[in-house]
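Colleague: Okay, so here is query24.txt, and as you'll see once you scroll down, it has compact mmCIF, C-alpha atoms.
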```txt
# COMPACT_ATOMS: atom_id res chain seq x y z
CA MET A 1 67.03 138.32 128.80
CA ARG A 2 68.58 139.87 125.72
CA PHE A 3 65.86 138.85 123.30
CA VAL A 4 62.11 139.15 123.74
CA HIS A 5 60.37 136.70 121.47
CA LYS A 6 57.10 137.78 119.90
CA TRP A 7 55.69 135.00 117.74
CA THR A 8 53.44 135.40 114.71
CA GLN A 9 52.36 133.04 111.95
CA CYS A 10 53.21 132.95 108.26
CA ILE A 11 52.15 130.88 105.28
CA VAL A 12 54.72 129.48 102.86
CA GLU A 13 53.93 131.29 99.62
CA SER A 14 56.61 129.96 97.28
CA ILE A 15 59.80 127.91 97.18
CA ARG A 16 62.71 127.96 94.75
CA ASP A 17 66.21 126.50 94.74
CA VAL A 18 68.83 129.18 94.17
CA THR A 19 71.70 126.66 94.30
CA PRO A 20 71.71 122.86 94.64
CA GLN A 21 72.01 123.31 98.43
CA ILE A 22 70.32 126.67 99.15
CA ARG A 23 66.57 127.15 98.98
CA GLU A 24 64.71 130.44 99.06
CA ILE A 25 61.40 130.27 100.93
CA THR A 26 58.96 133.18 100.64
CA LEU A 27 56.62 133.65 103.61
CA ARG A 28 53.40 135.65 103.66
CA PRO A 29 52.21 137.06 107.02
CA ASP A 30 48.92 135.60 108.23
CA GLY A 31 46.89 138.40 109.77
CA PHE A 32 49.61 140.80 110.87
CA ALA A 33 51.51 143.74 109.42
CA ILE A 34 55.26 143.43 108.99
CA PRO A 35 56.99 146.12 111.09
CA HIS A 36 59.89 148.16 109.79
CA TYR A 37 63.22 146.39 110.19
CA PRO A 38 66.74 147.03 108.89
CA ALA A 39 68.35 145.02 106.11
CA GLY A 40 70.42 142.12 107.42
CA SER A 41 67.80 141.01 109.95
CA HIS A 42 66.79 137.42 110.66
CA LEU A 43 63.75 135.46 111.81
CA ASP A 44 63.52 132.71 114.38
CA VAL A 45 61.33 129.92 113.02
CA GLY A 46 59.45 127.24 114.92
CA THR A 47 60.35 123.78 113.60
CA ILE A 48 59.61 120.17 114.50
CA ILE A 49 62.68 117.95 114.85
CA ASP A 50 62.36 114.29 115.84
CA GLY A 51 58.80 115.03 116.90
CA GLN A 52 59.84 117.83 119.27
CA PRO A 53 59.44 121.60 118.85
CA ALA A 54 62.66 123.51 118.21
CA THR A 55 63.72 126.98 117.09
CA ARG A 56 66.08 127.83 114.25
CA SER A 57 67.24 131.19 112.86
CA TYR A 58 67.32 132.18 109.18
CA SER A 59 68.48 135.41 107.59
CA LEU A 60 66.12 137.54 105.55
CA VAL A 61 67.08 137.98 101.92
CA GLY A 62 67.08 141.34 100.16
CA GLU A 63 65.72 144.67 101.28
CA PRO A 64 62.73 144.68 103.65
CA MET A 65 59.33 144.21 102.03
CA ALA A 66 55.98 145.31 103.43
CA ASP A 67 54.02 142.17 102.60
CA ARG A 68 56.35 139.15 102.76
CA TYR A 69 59.63 137.71 103.95
CA ARG A 70 62.31 135.92 101.94
CA ILE A 71 64.62 133.55 103.82
CA GLY A 72 67.51 131.44 102.57
CA VAL A 73 68.00 127.91 103.95
CA ARG A 74 71.06 125.80 103.25
CA LEU A 75 70.54 122.04 103.41
CA ALA A 76 73.50 121.36 105.68
CA PRO A 77 75.09 117.91 105.91
CA ASP A 78 75.89 118.61 109.58
CA SER A 79 72.40 119.95 110.27
CA ARG A 80 70.75 119.31 113.63
CA GLY A 81 67.51 118.80 111.73
CA GLY A 82 66.38 122.37 111.12
CA SER A 83 67.37 122.61 107.47
CA ARG A 84 65.88 119.18 106.69
CA TYR A 85 62.60 120.31 108.23
CA MET A 86 62.60 123.57 106.29
CA TRP A 87 63.35 121.74 103.04
CA SER A 88 60.37 119.45 103.67
CA LEU A 89 57.95 122.41 103.60
CA ARG A 90 55.59 122.94 100.69
CA PRO A 91 53.55 126.01 99.61
CA GLY A 92 50.59 126.50 101.92
CA ALA A 93 52.37 125.24 105.04
CA ARG A 94 52.09 127.35 108.17
CA LEU A 95 55.07 128.43 110.24
CA ASP A 96 55.44 130.17 113.58
CA VAL A 97 58.02 132.95 113.27
CA THR A 98 59.31 135.80 115.41
CA LEU A 99 59.34 139.39 114.30
CA PRO A 100 62.64 140.34 112.59
CA ARG A 101 65.72 141.07 114.69
CA ASN A 102 69.11 142.42 113.68
CA ASN A 103 72.56 141.67 115.11
CA PHE A 104 74.75 143.56 112.63
CA GLU A 105 74.08 147.08 113.98
CA VAL A 106 75.41 148.66 110.79
CA ASP A 107 76.29 152.34 110.88
CA TRP A 108 74.42 153.43 107.74
CA GLN A 109 76.05 156.89 107.64
CA ARG A 110 79.56 155.85 106.49
CA GLU A 111 80.86 156.63 103.03
CA HIS A 112 82.75 153.39 102.34
CA TYR A 113 81.71 149.79 103.05
CA CYS A 114 83.39 146.45 102.48
CA LEU A 115 80.91 143.58 102.43
CA ILE A 116 82.21 140.01 102.78
CA ALA A 117 80.16 136.83 102.40
CA GLY A 118 80.97 133.16 102.42
CA GLY A 119 78.51 130.62 101.04
CA VAL A 120 75.00 130.99 102.47
CA GLY A 121 76.28 134.04 104.36
CA ILE A 122 75.26 136.03 101.30
CA THR A 123 71.61 135.96 102.43
CA PRO A 124 71.74 138.95 104.81
CA ILE A 125 74.52 140.70 102.88
CA LEU A 126 72.37 141.04 99.74
CA GLY A 127 69.86 143.30 101.48
CA ILE A 128 72.59 145.32 103.19
CA ALA A 129 74.25 145.91 99.81
CA ALA A 130 70.99 147.04 98.23
CA THR A 131 70.25 149.46 101.07
CA LEU A 132 73.73 150.97 100.97
CA ILE A 133 73.63 151.45 97.20
CA ARG A 134 70.25 153.12 97.46
CA ARG A 135 71.78 155.49 100.03
CA GLY A 136 74.61 156.35 97.63
CA ALA A 137 77.41 154.73 99.64
CA GLN A 138 80.62 153.35 98.13
CA VAL A 139 80.25 149.56 98.31
CA GLN A 140 82.44 146.61 97.37
CA LEU A 141 81.18 143.04 97.89
CA HIS A 142 83.55 140.08 98.16
CA TYR A 143 81.73 136.75 97.81
CA ALA A 144 83.56 133.45 98.35
CA VAL A 145 82.02 130.17 97.14
CA ARG A 146 83.15 126.68 96.19
CA SER A 147 82.01 127.02 92.57
CA ARG A 148 79.84 129.25 90.39
CA LYS A 149 76.84 126.92 90.82
CA ASP A 150 77.12 127.46 94.59
CA ALA A 151 76.82 131.24 94.27
CA ALA A 152 73.29 132.02 95.48
CA PHE A 153 71.47 135.06 94.05
CA LEU A 154 74.33 135.69 91.63
CA ALA A 155 72.18 137.27 88.89
CA GLU A 156 70.52 139.58 91.43
CA LEU A 157 73.91 140.55 92.85
CA ALA A 158 75.43 141.18 89.42
CA ALA A 159 72.53 143.42 88.40
CA LEU A 160 72.76 145.34 91.66
CA LEU A 161 76.53 145.72 91.97
CA GLY A 162 78.09 145.31 88.52
CA ASP A 163 81.87 145.51 88.78
CA ARG A 164 81.60 146.21 92.52
CA LEU A 165 81.01 142.47 92.99
CA GLN A 166 84.07 140.25 93.31
CA LEU A 167 83.36 136.50 93.14
CA TYR A 168 85.96 134.01 94.39
CA ARG A 169 85.54 130.37 93.28
CA SER A 170 87.76 127.92 95.13
CA ASP A 171 87.34 125.21 92.48
CA GLU A 172 89.12 127.56 90.08
CA GLY A 173 91.90 128.37 92.54
CA GLN A 174 90.53 131.79 93.43
CA ARG A 175 90.91 132.82 97.07
CA LEU A 176 89.83 135.94 98.90
CA ASP A 177 92.92 137.62 100.37
CA LEU A 178 91.42 139.26 103.45
CA GLY A 179 94.63 140.96 104.55
CA ARG A 180 95.10 142.65 101.20
CA THR A 181 91.41 143.55 100.92
CA ILE A 182 91.33 145.16 104.36
CA ALA A 183 94.60 147.01 103.79
CA LYS A 184 93.09 148.78 100.76
CA LEU A 185 90.12 150.20 102.69
CA PRO A 186 89.88 153.91 103.51
CA PRO A 187 90.51 154.70 107.21
CA ALA A 188 86.84 155.22 108.13
CA ALA A 189 85.45 152.28 106.15
CA MET A 190 83.15 149.75 107.79
CA ALA A 191 83.31 146.03 107.02
CA VAL A 192 80.22 143.82 107.29
CA LEU A 193 80.72 140.06 107.15
CA CYS A 194 78.63 136.89 107.27
CA GLY A 195 79.97 133.39 106.74
CA PRO A 196 81.46 130.32 108.37
CA MET A 197 83.59 130.50 111.50
CA ARG A 198 86.92 130.09 109.70
CA LEU A 199 86.19 133.13 107.49
CA LEU A 200 85.15 135.16 110.51
CA ASP A 201 88.26 134.21 112.50
CA ASP A 202 90.52 135.12 109.59
CA ALA A 203 88.75 138.46 109.10
CA ARG A 204 89.00 139.40 112.77
CA GLN A 205 92.70 138.56 112.83
CA CYS A 206 93.40 140.62 109.69
CA TRP A 207 91.31 143.47 111.07
CA ARG A 208 93.34 143.53 114.31
CA GLU A 209 96.65 143.30 112.46
CA ALA A 210 95.61 146.27 110.33
CA GLY A 211 95.07 148.29 113.51
CA ARG A 212 91.46 149.07 112.68
CA PRO A 213 88.83 149.82 115.36
CA PRO A 214 86.97 146.62 116.36
CA VAL A 215 83.67 148.52 116.25
CA ASP A 216 84.11 149.01 112.48
CA LEU A 217 83.90 145.25 111.82
CA ARG A 218 80.34 143.97 112.02
CA PHE A 219 79.63 140.29 111.60
CA GLU A 220 77.25 137.39 111.94
CA THR A 221 77.99 133.69 111.65
CA PHE A 222 75.90 130.53 111.53
CA GLY A 223 76.02 128.26 114.55
CA SER A 224 76.45 125.05 112.57
CA SER A 225 79.82 126.16 111.25
CA GLY A 226 83.01 125.19 113.03
CA LEU A 227 86.67 124.39 112.56
CA LEU A 228 86.31 120.69 113.41
CA PRO A 229 84.04 118.01 111.90
CA THR A 230 80.61 117.69 113.46
CA ALA A 231 80.54 114.36 115.31
CA ASP A 232 79.12 112.69 118.41
CA PHE A 233 80.95 113.54 121.64
CA ARG A 234 80.56 112.93 125.38
CA VAL A 235 79.86 115.32 128.24
CA ARG A 236 80.70 114.24 131.79
CA ILE A 237 79.05 116.02 134.75
CA ASN A 238 81.80 116.73 137.27
CA SER A 239 79.63 116.57 140.40
CA SER A 240 78.04 113.19 139.65
CA GLY A 241 80.18 111.51 137.02
CA ALA A 242 77.12 111.09 134.80
CA GLU A 243 77.91 111.00 131.08
CA ILE A 244 75.75 112.23 128.21
CA VAL A 245 76.29 111.54 124.53
CA VAL A 246 75.71 114.56 122.29
CA PRO A 247 74.70 113.27 118.84
CA ARG A 248 76.05 115.01 115.75
CA ASP A 249 72.56 116.30 114.89
CA ARG A 250 71.84 117.80 118.31
CA SER A 251 73.35 120.66 120.27
CA MET A 252 75.11 120.16 123.58
CA LEU A 253 72.54 122.49 125.14
CA ASP A 254 69.62 120.37 123.89
CA ALA A 255 71.28 117.14 125.04
CA LEU A 256 71.95 118.49 128.54
CA ASN A 257 68.43 119.82 128.96
CA ALA A 258 66.89 116.58 127.65
CA ALA A 259 68.92 114.63 130.21
CA GLY A 260 67.49 116.79 133.01
CA PHE A 261 70.40 119.18 133.50
CA GLU A 262 68.91 122.64 133.20
CA VAL A 263 71.09 125.16 131.41
CA ILE A 264 69.69 128.67 131.09
CA SER A 265 69.90 130.09 127.57
CA ASP A 266 68.62 132.93 125.47
CA CYS A 267 69.76 133.63 121.91
CA GLU A 268 70.98 130.07 121.16
CA ARG A 269 73.17 131.53 118.40
CA GLY A 270 76.45 131.74 120.31
CA GLU A 271 76.14 135.51 120.72
CA CYS A 272 74.84 136.38 124.20
CA GLY A 273 76.90 134.04 126.42
CA ILE A 274 74.04 133.38 128.82
CA CYS A 275 74.28 129.59 128.41
CA ALA A 276 78.06 129.50 129.09
CA ILE A 277 79.16 126.76 131.51
CA ASN A 278 82.50 125.90 133.11
CA VAL A 279 84.81 123.34 131.53
CA VAL A 280 86.72 121.24 134.09
CA ALA A 281 88.64 118.95 131.73
CA VAL A 282 89.04 118.30 128.01
CA GLU A 283 89.86 114.84 126.71
CA GLY A 284 90.08 115.77 123.05
CA GLU A 285 89.43 119.22 121.57
CA ILE A 286 86.76 121.90 121.88
CA ASP A 287 85.35 123.51 118.73
CA HIS A 288 84.28 126.97 119.91
CA ARG A 289 81.61 128.09 117.45
CA ASP A 290 80.38 131.11 119.40
CA VAL A 291 81.16 134.77 118.79
CA PHE A 292 80.81 135.69 122.47
CA PHE A 293 84.19 134.66 123.89
CA SER A 294 87.46 136.31 122.90
CA ASP A 295 90.20 134.36 121.15
CA HIS A 296 92.13 134.25 124.44
CA GLN A 297 89.14 132.87 126.33
CA LYS A 298 88.65 130.20 123.69
CA GLN A 299 92.28 129.18 123.91
CA CYS A 300 91.99 128.84 127.70
CA ASN A 301 89.06 126.39 127.29
CA GLU A 302 87.63 127.34 130.69
CA LYS A 303 84.07 127.88 129.44
CA ILE A 304 81.89 126.76 126.55
CA CYS A 305 78.67 128.02 124.97
CA PRO A 306 76.76 124.73 124.60
CA CYS A 307 74.12 126.22 122.30
CA VAL A 308 76.51 126.10 119.32
CA SER A 309 79.96 124.87 120.37
CA ARG A 310 80.97 121.23 120.18
CA ALA A 311 83.91 118.94 120.84
CA ILE A 312 85.82 115.92 119.73
CA GLY A 313 86.20 113.40 122.58
CA THR A 314 84.92 114.01 126.12
CA LEU A 315 84.31 117.21 128.08
CA THR A 316 83.90 117.38 131.85
CA VAL A 317 81.75 120.35 132.83
CA ASP A 318 80.54 121.96 136.05
CA THR A 319 78.09 124.52 137.45
CA LEU A 320 74.98 122.78 136.16
CA SER A 321 71.83 122.92 138.25
CA TYR A 322 69.84 119.72 138.37
CA GLY A 323 66.37 119.56 136.91
CA SER A 324 63.72 117.16 138.12
CA GLY A 325 64.94 114.42 135.79
CA ALA A 326 68.65 114.78 136.39
CA PRO A 327 70.69 111.83 137.58
CA GLY A 328 71.66 112.12 141.25
```
Using structure tokens, write down the structure from this file.
Modeller:
Amino acid sequence: MRFVHKWTQCIVESIRDVTPQIREITLRPDGFAIPHYPAGSHLDVGTIIDGQPATRSYSLVGEPMADRYRIGVRLAPDSRGGSRYMWSLRPGARLDVTLPRNNFEVDWQREHYCLIAGGVGITPILGIAATLIRRGAQVQLHYAVRSRKDAAFLAELAALLGDRLQLYRSDEGQRLDLGRTIAKLPPAAMAVLCGPMRLLDDARQCWREAGRPPVDLRFETFGSSGLLPTADFRVRINSSGAEIVVPRDRSMLDALNAAGFEVISDCERGECGICAINVVAVEGEIDHRDVFFSDHQKQCNEKICPCVSRAIGTLTVDTLSYGSGAPG
């Protein structure tokens, strides 16, 4: 397995709303020392959704601290229940959390960095920016939001970055031109991005068109983001004809496992590809929300990562092993 989960427990120390839809939750470790971890890391958090235990991931805000964690949680309208649970917490509540892990793998020795954030994607980028500035790197941060009130941690960012912060507000007709931004970067610059899938897809396309090395673009996305609306859809098991409805607030992976069809998984963030299953037929459209498959593989629609990806209509899938409760 790619990830080894070591669980600890924290106490909710404080809560504050940094935008109408983004809440900062400060966690204090209960009886353990926080290990060193790089900026841009995230925690997995144990939640309770519809009475059942579940795991959700949240980015850590700001530079690492020795005595507490800060996480940012967006109350998502297409949430599978994790953000609603986190927003129900009050100071004093206890949470099971993993030790921090990092997927960005930033090369901290470069001279120039372009940081790009969309919406709640600013949460890990804030700490990365602070670390780079402390190291004396040349940093420019491009932050895209719907409106100024949706710009989380704006005062903290402005104090840290000054005129190196560029804010783009779509309600005022301001749009981040990724192609132009990337074209202006020095040859050895590294770009670090976090945001919704559409922003990530656009950035990767512009990066390729600019002829830049793929390794110099580091990114993270959030699994709830996609190109299509989040809605109920059906999954048909090719070998038996059994059909499962995947509700809008539940992942395809969770629905399959609950129905008795065992799908092995690991990261459940659309990054490792371990849960990938074969797609036999598509009656509708797949919304690939993973970052594991290439653009070509996604266009072929031969496989899907059910931990994050969804569909409109009905999918017929194969290569599932039956659990004890699976239909025969």
Colleague: If you take all atoms listed in the file and a cut-off of 12 Å, which residues of stretch 81-118 of chain A touch stretch 252-274 of chain A, and what are their nearest atom pairs and distances in Å to one decimal, in chain and number order, as CSV?
Modeller:
```
residue,atom,partner,partner_atom,distance
A:Arg101,CA,A:Cys267,CA,11.1
A:Asn103,CA,A:Glu271,CA,9.1
A:Phe104,CA,A:Glu271,CA,11.5
```
Colleague: Write out as an NGL selection string which residues come within 12 Å of A:Asp201 when counting all atoms listed in the file, dropping same-chain ones fewer than 6 positions away.
Modeller: :A and (178 or 193-195 or 207-208 or 217 or 219-221 or 225-227 or 288-291 or 294-295 or 298)
Colleague: Could you tell me which of A:Asp249, A:Trp108, A:Leu160, A:Gln9 comes closest to A:Ala191 if we count only C-alpha atoms?
Modeller: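 Of A:Asp249, A:Trp108, A:Leu160, A:Gln9, the one nearest A:Ala191 is A:Trp108, counting only C-alpha atoms.
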Colleague: Within 7 Å of A:Gly127, counting only C-alpha atoms, which residues qualify if same-chain residues fewer than 2 places away don't, as a VMD selection string?
Modeller: chain A and resid 39 to 40 61 to 63 124 to 125 129 to 131
Colleague: List as JSON, numbers by chain the residues having at least one atom at most 12 Å from position (77.8, 155.4, 97.0) as given in the file, counting all atoms listed in the file.
Modeller: {"A": [108, 109, 110, 111, 112, 113, 114, 129, 130, 131, 132, 133, 134, 135, 136, 137, 138, 139, 140, 161, 164]}
Colleague: Between A:Arg94, A:Lys303, A:Arg310, A:Arg56, which one has atoms that come closest to A:Val12, using only C-alpha atoms?
Modeller: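 Among A:Arg94, A:Lys303, A:Arg310, A:Arg56, it is A:Arg94 that comes nearest to A:Val12.
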Colleague: Add whatever atoms are absent from stretch 37-48 of chain A to reach N, CA and C atoms, and provide the output as a PDB file, in the frame of the given file.
Modeller:
```pdb
ATOM      1  N   TYR A  37      62.011 147.023 109.640  1.00  0.00           N
ATOM      2  CA  TYR A  37      63.220 146.390 110.190  1.00  0.00           C
ATOM      3  C   TYR A  37      64.371 146.678 109.240  1.00  0.00           C
ATOM      4  N   PRO A  38      65.593 146.723 109.751  1.00  0.00           N
ATOM      5  CA  PRO A  38      66.740 147.030 108.890  1.00  0.00           C
ATOM      6  C   PRO A  38      67.173 145.835 108.060  1.00  0.00           C
ATOM      7  N   ALA A  39      67.774 146.091 106.921  1.00  0.00           N
ATOM      8  CA  ALA A  39      68.350 145.020 106.110  1.00  0.00           C
ATOM      9  C   ALA A  39      69.385 144.274 106.922  1.00  0.00           C
ATOM     10  N   GLY A  40      69.500 142.960 106.673  1.00  0.00           N
ATOM     11  CA  GLY A  40      70.420 142.120 107.420  1.00  0.00           C
ATOM     12  C   GLY A  40      69.796 141.442 108.619  1.00  0.00           C
ATOM     13  N   SER A  41      68.488 141.618 108.807  1.00  0.00           N
ATOM     14  CA  SER A  41      67.800 141.010 109.950  1.00  0.00           C
ATOM     15  C   SER A  41      67.557 139.521 109.707  1.00  0.00           C
ATOM     16  N   HIS A  42      67.101 138.839 110.755  1.00  0.00           N
ATOM     17  CA  HIS A  42      66.790 137.420 110.660  1.00  0.00           C
ATOM     18  C   HIS A  42      65.494 137.129 111.406  1.00  0.00           C
ATOM     19  N   LEU A  43      64.929 135.972 111.117  1.00  0.00           N
ATOM     20  CA  LEU A  43      63.750 135.460 111.810  1.00  0.00           C
ATOM     21  C   LEU A  43      64.128 134.210 112.588  1.00  0.00           C
ATOM     22  N   ASP A  44      63.512 134.022 113.747  1.00  0.00           N
ATOM     23  CA  ASP A  44      63.520 132.710 114.380  1.00  0.00           C
ATOM     24  C   ASP A  44      62.267 131.986 113.897  1.00  0.00           C
ATOM     25  N   VAL A  45      62.421 130.718 113.585  1.00  0.00           N
ATOM     26  CA  VAL A  45      61.330 129.920 113.020  1.00  0.00           C
ATOM     27  C   VAL A  45      61.074 128.712 113.902  1.00  0.00           C
ATOM     28  N   GLY A  46      59.817 128.434 114.171  1.00  0.00           N
ATOM     29  CA  GLY A  46      59.450 127.240 114.920  1.00  0.00           C
ATOM     30  C   GLY A  46      59.469 126.022 114.016  1.00  0.00           C
ATOM     31  N   THR A  47      60.242 124.999 114.394  1.00  0.00           N
ATOM     32  CA  THR A  47      60.350 123.780 113.600  1.00  0.00           C
ATOM     33  C   THR A  47      59.967 122.576 114.454  1.00  0.00           C
ATOM     34  N   ILE A  48      59.826 121.441 113.798  1.00  0.00           N
ATOM     35  CA  ILE A  48      59.610 120.170 114.500  1.00  0.00           C
ATOM     36  C   ILE A  48      60.749 119.239 114.105  1.00  0.00           C
TER      37      ILE A  48
END
```
